[in-house]
Structure formats: C-alpha cells, structure tokens
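Chemist: Structure: start_21.tsv, TSV, C-alpha atoms.
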```tsv
chain	number	residue	atom	x	y	z
A	1	MET	CA	0.00	0.00	0.00
A	2	ASP	CA	1.54	3.35	-1.01
A	3	ALA	CA	1.30	6.48	1.10
A	4	ALA	CA	-1.52	7.93	-1.01
A	5	SER	CA	-3.71	4.93	-0.28
A	6	GLU	CA	-2.90	4.48	3.39
A	7	PRO	CA	-5.90	5.08	5.70
A	8	THR	CA	-6.08	8.34	7.58
A	9	GLY	CA	-6.03	8.39	11.36
A	10	GLY	CA	-9.77	8.97	11.31
A	11	ALA	CA	-10.36	6.00	9.03
A	12	THR	CA	-8.26	3.76	11.27
A	13	ALA	CA	-10.18	4.90	14.35
A	14	LEU	CA	-13.53	4.33	12.65
A	15	ALA	CA	-12.51	0.84	11.58
A	16	GLN	CA	-11.50	0.02	15.15
A	17	ILE	CA	-14.82	1.34	16.47
A	18	ALA	CA	-16.69	-0.77	13.91
A	19	ASP	CA	-14.80	-3.89	15.00
A	20	GLU	CA	-15.72	-3.21	18.63
A	21	VAL	CA	-19.38	-2.57	17.79
A	22	ARG	CA	-19.71	-5.88	15.94
A	23	VAL	CA	-18.82	-7.86	19.07
A	24	CYS	CA	-20.33	-5.47	21.63
A	25	ARG	CA	-22.34	-6.89	24.55
A	26	ARG	CA	-22.91	-3.65	26.47
A	27	CYS	CA	-26.71	-3.88	26.46
A	28	ALA	CA	-29.53	-6.37	25.97
A	29	LEU	CA	-30.01	-5.44	22.30
A	30	SER	CA	-26.94	-7.51	21.45
A	31	ALA	CA	-28.76	-10.70	22.41
A	32	GLY	CA	-31.38	-10.30	19.69
A	33	ARG	CA	-29.31	-8.92	16.84
A	34	THR	CA	-28.26	-10.70	13.69
A	35	THR	CA	-25.57	-8.14	12.86
A	36	ALA	CA	-24.53	-4.93	14.55
A	37	VAL	CA	-24.56	-1.81	12.38
A	38	PRO	CA	-21.58	0.46	13.16
A	39	GLY	CA	-22.13	2.92	10.30
A	40	GLU	CA	-20.53	3.63	6.96
A	41	GLY	CA	-19.66	6.36	4.49
A	42	ASN	CA	-17.04	8.91	3.57
A	43	VAL	CA	-14.50	9.17	6.39
A	44	LEU	CA	-13.46	12.61	5.10
A	45	SER	CA	-16.98	14.01	4.96
A	46	ASP	CA	-17.96	17.18	6.80
A	47	VAL	CA	-21.48	15.78	7.25
A	48	LEU	CA	-22.48	13.11	9.77
A	49	LEU	CA	-26.04	11.74	9.58
A	50	VAL	CA	-27.29	10.18	12.82
A	51	GLY	CA	-30.46	8.12	12.82
A	52	GLU	CA	-32.12	6.25	15.67
A	53	GLY	CA	-31.46	2.52	15.25
A	54	PRO	CA	-31.21	-0.25	12.66
A	55	GLY	CA	-34.30	-1.89	11.19
A	56	ALA	CA	-34.77	-5.41	9.88
A	57	ARG	CA	-32.80	-4.98	6.65
A	58	GLU	CA	-30.04	-3.14	8.43
A	59	ASP	CA	-29.85	-5.92	11.02
A	60	ALA	CA	-29.59	-8.49	8.21
A	61	THR	CA	-26.91	-6.66	6.23
A	62	GLY	CA	-24.94	-4.73	8.84
A	63	ARG	CA	-25.41	-1.51	6.85
A	64	PRO	CA	-27.34	1.61	7.94
A	65	PHE	CA	-30.40	2.92	6.10
A	66	VAL	CA	-30.79	0.22	3.44
A	67	GLY	CA	-34.51	-0.44	3.94
A	68	PRO	CA	-37.46	1.70	2.78
A	69	ALA	CA	-36.36	4.66	4.92
A	70	GLY	CA	-32.90	4.34	3.44
A	71	GLN	CA	-34.28	4.45	-0.07
A	72	LEU	CA	-36.01	7.71	0.77
A	73	LEU	CA	-32.79	9.01	2.31
A	74	ASP	CA	-31.02	8.27	-0.98
A	75	GLU	CA	-33.71	10.29	-2.79
A	76	LEU	CA	-33.27	13.17	-0.36
A	77	LEU	CA	-29.52	13.25	-0.90
A	78	ALA	CA	-29.96	13.02	-4.67
A	79	ALA	CA	-32.24	16.07	-4.53
A	80	ILE	CA	-29.22	18.20	-3.60
A	81	GLY	CA	-26.80	16.37	-5.90
A	82	TRP	CA	-25.29	14.21	-3.15
A	83	GLN	CA	-25.13	10.48	-2.61
A	84	ARG	CA	-24.55	8.35	0.45
A	85	GLY	CA	-20.87	8.06	-0.42
A	86	ASP	CA	-20.57	11.81	0.22
A	87	VAL	CA	-21.59	11.56	3.88
A	88	PHE	CA	-21.12	9.29	6.89
A	89	ILE	CA	-24.23	7.56	8.26
A	90	THR	CA	-24.74	5.93	11.65
A	91	ASN	CA	-27.33	5.59	14.43
A	92	VAL	CA	-27.75	6.37	18.11
A	93	VAL	CA	-27.91	2.61	18.83
A	94	LYS	CA	-25.99	0.13	16.73
A	95	CYS	CA	-28.23	-2.93	17.20
A	96	ARG	CA	-31.86	-3.34	16.19
A	97	PRO	CA	-34.44	-2.76	18.94
A	98	PRO	CA	-37.08	-5.55	18.99
A	99	ALA	CA	-39.94	-4.94	16.54
A	100	ASN	CA	-38.31	-1.61	15.62
A	101	ARG	CA	-39.40	-0.04	18.90
A	102	ASP	CA	-37.80	3.20	20.10
A	103	PRO	CA	-34.38	2.86	21.73
A	104	GLU	CA	-34.49	2.84	25.54
A	105	PRO	CA	-32.40	5.44	27.41
A	106	ASP	CA	-30.06	2.79	28.83
A	107	GLU	CA	-29.50	1.37	25.34
A	108	ALA	CA	-28.64	4.78	23.94
A	109	ALA	CA	-26.33	5.37	26.90
A	110	ALA	CA	-24.56	2.06	26.28
A	111	CYS	CA	-23.85	3.09	22.67
A	112	ALA	CA	-23.04	6.74	23.40
A	113	GLY	CA	-19.32	6.15	23.71
A	114	TYR	CA	-19.12	4.69	20.22
A	115	LEU	CA	-20.88	7.70	18.73
A	116	ASP	CA	-18.67	10.06	20.74
A	117	ARG	CA	-15.60	8.40	19.25
A	118	GLN	CA	-17.05	8.42	15.74
A	119	GLU	CA	-17.61	12.17	16.05
A	120	ARG	CA	-14.03	12.72	17.18
A	121	ALA	CA	-12.68	10.63	14.31
A	122	LEU	CA	-14.82	12.39	11.69
A	123	GLU	CA	-14.78	15.96	13.07
A	124	PRO	CA	-17.91	16.83	11.05
A	125	ALA	CA	-18.84	20.43	10.42
A	126	VAL	CA	-22.52	19.47	10.68
A	127	VAL	CA	-24.39	16.65	12.39
A	128	VAL	CA	-27.74	15.95	10.72
A	129	THR	CA	-30.10	14.41	13.27
A	130	LEU	CA	-32.71	12.13	11.74
A	131	GLY	CA	-35.59	11.74	14.15
A	132	ARG	CA	-36.36	12.80	17.69
A	133	HIS	CA	-34.11	10.32	19.50
A	134	SER	CA	-31.08	11.52	17.60
A	135	LEU	CA	-32.19	15.11	18.20
A	136	GLN	CA	-32.35	14.57	21.97
A	137	ARG	CA	-28.71	13.52	22.07
A	138	TYR	CA	-27.61	16.91	20.77
A	139	LEU	CA	-30.45	19.25	21.77
A	140	PRO	CA	-32.06	17.81	24.91
A	141	GLY	CA	-35.63	18.96	25.36
A	142	ALA	CA	-35.99	20.33	21.82
A	143	ARG	CA	-39.13	19.50	19.86
A	144	ILE	CA	-38.43	18.40	16.32
A	145	GLY	CA	-41.49	20.25	15.01
A	146	ALA	CA	-40.02	23.51	16.28
A	147	VAL	CA	-36.38	23.13	15.22
A	148	HIS	CA	-36.28	21.03	12.06
A	149	GLY	CA	-34.58	22.47	9.00
A	150	ARG	CA	-32.56	25.11	10.87
A	151	LEU	CA	-28.91	25.06	11.92
A	152	ARG	CA	-28.47	24.94	15.69
A	153	ARG	CA	-25.61	24.69	18.17
A	154	SER	CA	-25.54	21.85	20.67
A	155	PHE	CA	-24.53	22.26	24.32
A	156	SER	CA	-21.02	21.18	23.29
A	157	GLY	CA	-20.87	23.66	20.41
A	158	GLN	CA	-21.52	21.14	17.64
A	159	HIS	CA	-23.43	22.48	14.61
A	160	VAL	CA	-26.65	20.46	14.35
A	161	PHE	CA	-29.17	20.36	11.51
A	162	PRO	CA	-32.34	18.60	12.75
A	163	MET	CA	-34.58	16.70	10.34
A	164	TYR	CA	-37.48	14.30	10.64
A	165	HIS	CA	-36.58	10.65	10.27
A	166	PRO	CA	-37.26	9.43	6.71
A	167	ALA	CA	-39.37	6.60	8.17
A	168	ALA	CA	-41.81	9.22	9.48
A	169	ALA	CA	-42.67	10.21	5.91
A	170	LEU	CA	-43.45	6.58	5.08
A	171	HIS	CA	-46.22	6.71	7.67
A	172	GLN	CA	-47.23	10.36	7.30
A	173	ALA	CA	-47.13	11.41	3.65
A	174	SER	CA	-47.38	15.12	4.48
A	175	LEU	CA	-43.87	14.99	5.95
A	176	ARG	CA	-42.31	13.98	2.64
A	177	GLU	CA	-42.25	17.52	1.24
A	178	THR	CA	-41.04	18.81	4.62
A	179	LEU	CA	-38.10	16.44	4.42
A	180	PHE	CA	-37.21	17.53	0.90
A	181	HIS	CA	-37.56	21.19	1.85
A	182	ASP	CA	-35.28	20.76	4.85
A	183	MET	CA	-32.74	18.74	2.88
A	184	ARG	CA	-32.51	21.49	0.28
A	185	GLY	CA	-31.39	23.79	3.09
A	186	LEU	CA	-28.54	21.52	4.18
A	187	PRO	CA	-25.85	22.76	1.71
A	188	ALA	CA	-26.31	26.35	2.91
A	189	ALA	CA	-26.25	25.17	6.53
A	190	LEU	CA	-23.00	23.32	5.83
A	191	LEU	CA	-21.42	26.44	4.35
A	192	ALA	CA	-22.56	28.51	7.35
A	193	ALA	CA	-21.13	25.95	9.77
A	194	ARG	CA	-17.81	25.82	7.93
A	195	GLU	CA	-17.61	29.61	7.97
A	196	ALA	CA	-18.37	29.76	11.69
A	197	ILE	CA	-15.77	27.09	12.44
A	198	GLY	CA	-13.20	28.94	10.35
A	199	ASP	CA	-13.93	32.21	12.14
A	200	GLU	CA	-13.64	30.55	15.54
A	201	ARG	CA	-10.32	28.95	14.66
A	202	THR	CA	-8.98	32.26	13.38
A	203	THR	CA	-10.04	34.01	16.58
A	204	ALA	CA	-8.40	31.31	18.68
A	205	VAL	CA	-5.00	31.72	16.98
A	206	PRO	CA	-2.80	34.16	18.98
A	207	GLN	CA	-1.91	37.21	16.94
A	208	PRO	CA	1.75	38.36	16.79
A	209	ALA	CA	2.60	41.36	18.93
A	210	THR	CA	2.94	44.67	17.14
A	211	ALA	CA	5.29	47.56	17.89
A	212	ASP	CA	2.41	49.41	19.54
A	213	ASP	CA	1.74	46.39	21.77
A	214	ALA	CA	5.39	46.31	22.83
A	215	GLU	CA	5.28	50.04	23.66
A	216	GLN	CA	2.16	49.54	25.74
A	217	MET	CA	3.80	46.71	27.68
A	218	THR	CA	6.67	49.00	28.76
A	219	LEU	CA	4.16	51.22	30.55
A	220	PHE	CA	3.35	48.54	33.16
```
Once you've parsed the file, please lay out its structure as structure tokens.
Modeler:
Amino acid sequence: MDAASEPTGGATALAQIADEVRVCRRCALSAGRTTAVPGEGNVLSDVLLVGEGPGAREDATGRPFVGPAGQLLDELLAAIGWQRGDVFITNVVKCRPPANRDPEPDEAAACAGYLDRQERALEPAVVVTLGRHSLQRYLPGARIGAVHGRLRRSFSGQHVFPMYHPAAALHQASLRETLFHDMRGLPAALLAAREAIGDERTTAVPQPATADDAEQMTLF
C-alpha cells in the first residue's frame, strides 16, 4: 500500500470502532441482533447523519439505512446532488431494537461512547439528526417540530441540523415535502457551519505582537 492509499487516522479509528461494535455486549439489544450496524460512508466528509437505530434490513446486512427509509434518504440526498458516499451515516444505537421499537435510554447510553468516538474521528462540520431520539442527544428537550430544518448549536458547540426521520414520511405522507424542503437547506447550513468554524479557529490563533503592543507593555 503506497502512502496515497494508506488510511487516515480517522479511518483507522472508525474501523477500530466498527470492530468493537460488531462484538459489543454492552446492552440487551446484542442478544437479539443478527448483525450490529456500526455505520458507513465517507470518512473525510464534513457531514455526519445520525439516525435512531437499525431496522430489519439493516440488522440483516450490517449496513445503515438500506430499507425503505434508506431508499427515501437516498432520494433526499440526490435532490441536492449528493449520494450516500458523500456523507457518513450511523445511528444512536448500533443494534436493532425488537420490533423496531424506540431505543431505551439505557440502550442509547450504552452506545453513546461509540458515537462520541465516531464524532471525534470524523470531526464533522454538521451533524444531521434524523428523528427525535437523535435530536435529543444533541439538543435535549428540543421539539423536532419547532427546530427542524434550521442550523443549531448543541450544548457542546456542535453544529446540528435537525430533520425528521425518513421513516416518518413513510407513515405520514405530508412529511415527505417537509423532508425535501429541509434537505434542500442543508448545503447552505453546511457552508454557514464551515464559515463559523473557520472564524472561531482564526479568533483562537494568537496574533503576533505589534510595535504598539510592545510600547504599551513597557508602561506597566
């Protein structure tokens, strides 16, 4: 393998996390899974999509968002000229909850460390939350109906772009256009987040002292 094709540090970290997820026994969900679903996508992407948990097809294949909701997600990405290979996709919990029920708080807590590490490895400019359980991780107490489609900052400073889960539109057709409308706002949100991050980094860099500064220092 030549230097150009060697994995980045982030890619190596993500691969290690995936290996750990596949054999994880931190919560009861592991007992009923066929395959854990660590996540997949572009390890250099500035966009991290976080859903809630794997469904039946995801459990069978080990890949996120490959069922009906995943097909709609592909359509949403295509609407802005993107594809799943342009982003990284994962979930709050990495194993399928029984009968596709909502993840329990203790299950999300058991998986939280994996998602924390995935975020650190990816360093995304924007986290797109898909659904209310993903939203609660980043914006506790927020209501998805009030915040969807707008760039927000999490308690830790992460730029968050909340969206409804694609599965919601499969059950409530009126949400389909809402999803497409919100997705069309994601490129601008990404640009705004990148700009804000750039500004913050520039501000954080110490500026060299000027002659005037040196003169001022002699007065004290």
Chemist: Near Gly55 of chain A, within 9 Å and counting only C-alpha atoms, which residues show up once chain neighbours fewer than 6 positions away are dropped, as a PyMOL selection string?
Modeler: chain A and resi 64-67+95-97+99-100
Chemist: Please report the interatomic distance between atom CA of Ser174 of chain A and atom CA of Gly53 of chain A in Å with one decimal.
Modeler: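 Result for atom CA of Ser174 of chain A versus atom CA of Gly53 of chain A: 23.0 Å, one decimal.
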Chemist: Tell me, as a PyMOL selection string, which residues lie within 8 Å of segment 112-129 of chain A, counting all atoms listed in the file; anything in the same chain fewer than 4 positions away does not count.
Modeler: chain A and resi 9-11+13-14+17+21+43-51+92-93+108+134-135+158-164+189-190+193-194+197
Chemist: Quick one: distance from atom CA of Asp19 of chain A to atom CA of Leu73 of chain A in Å, one decimal?
Modeler: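 That distance, rounded to one decimal, is 25.5 Å.
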Chemist: For Arg152 of chain A, which residue among A:Glu58, A:Arg22, A:His165, A:Tyr138 is the nearest when counting only C-alpha atoms?
Modeler: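 Going through A:Glu58, A:Arg22, A:His165, A:Tyr138 one by one, the smallest distance to Arg152 of chain A is for A:Tyr138.
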Chemist: Would you compute the distance between atom CA of Pro98 of chain A and atom CA of Cys111 of chain A? Give it in Å to one decimal.
Modeler: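 Atom-to-atom, atom CA of Pro98 of chain A to atom CA of Cys111 of chain A, that is 16.2 Å.
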Chemist: Please determine, counting all atoms listed in the file, which residue among A:Leu130, A:Pro105, A:Glu52, A:Phe180 has the shortest atom-to-atom distance to Asn91 of chain A.
Modeler: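 Residue with the minimum atom-to-atom distance to Asn91 of chain A: A:Glu52.
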Chemist: Which residue is closest to Ala168 of chain A? Choose from A:Val147, A:Ala60, A:Leu72, A:Val23 and count all atoms listed in the file.
Modeler: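 Once distances to Ala168 of chain A are computed over all atoms listed in the file, the minimum belongs to A:Leu72.
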Chemist: Show which residues sit within 12 Å of Trp82 of chain A, as a PyMOL selection string. Count only C-alpha atoms, and ignore same-chain residues fewer than 4 positions away.
Modeler: chain A and resi 42+45+47+73-78+86-88+183-184+186-187
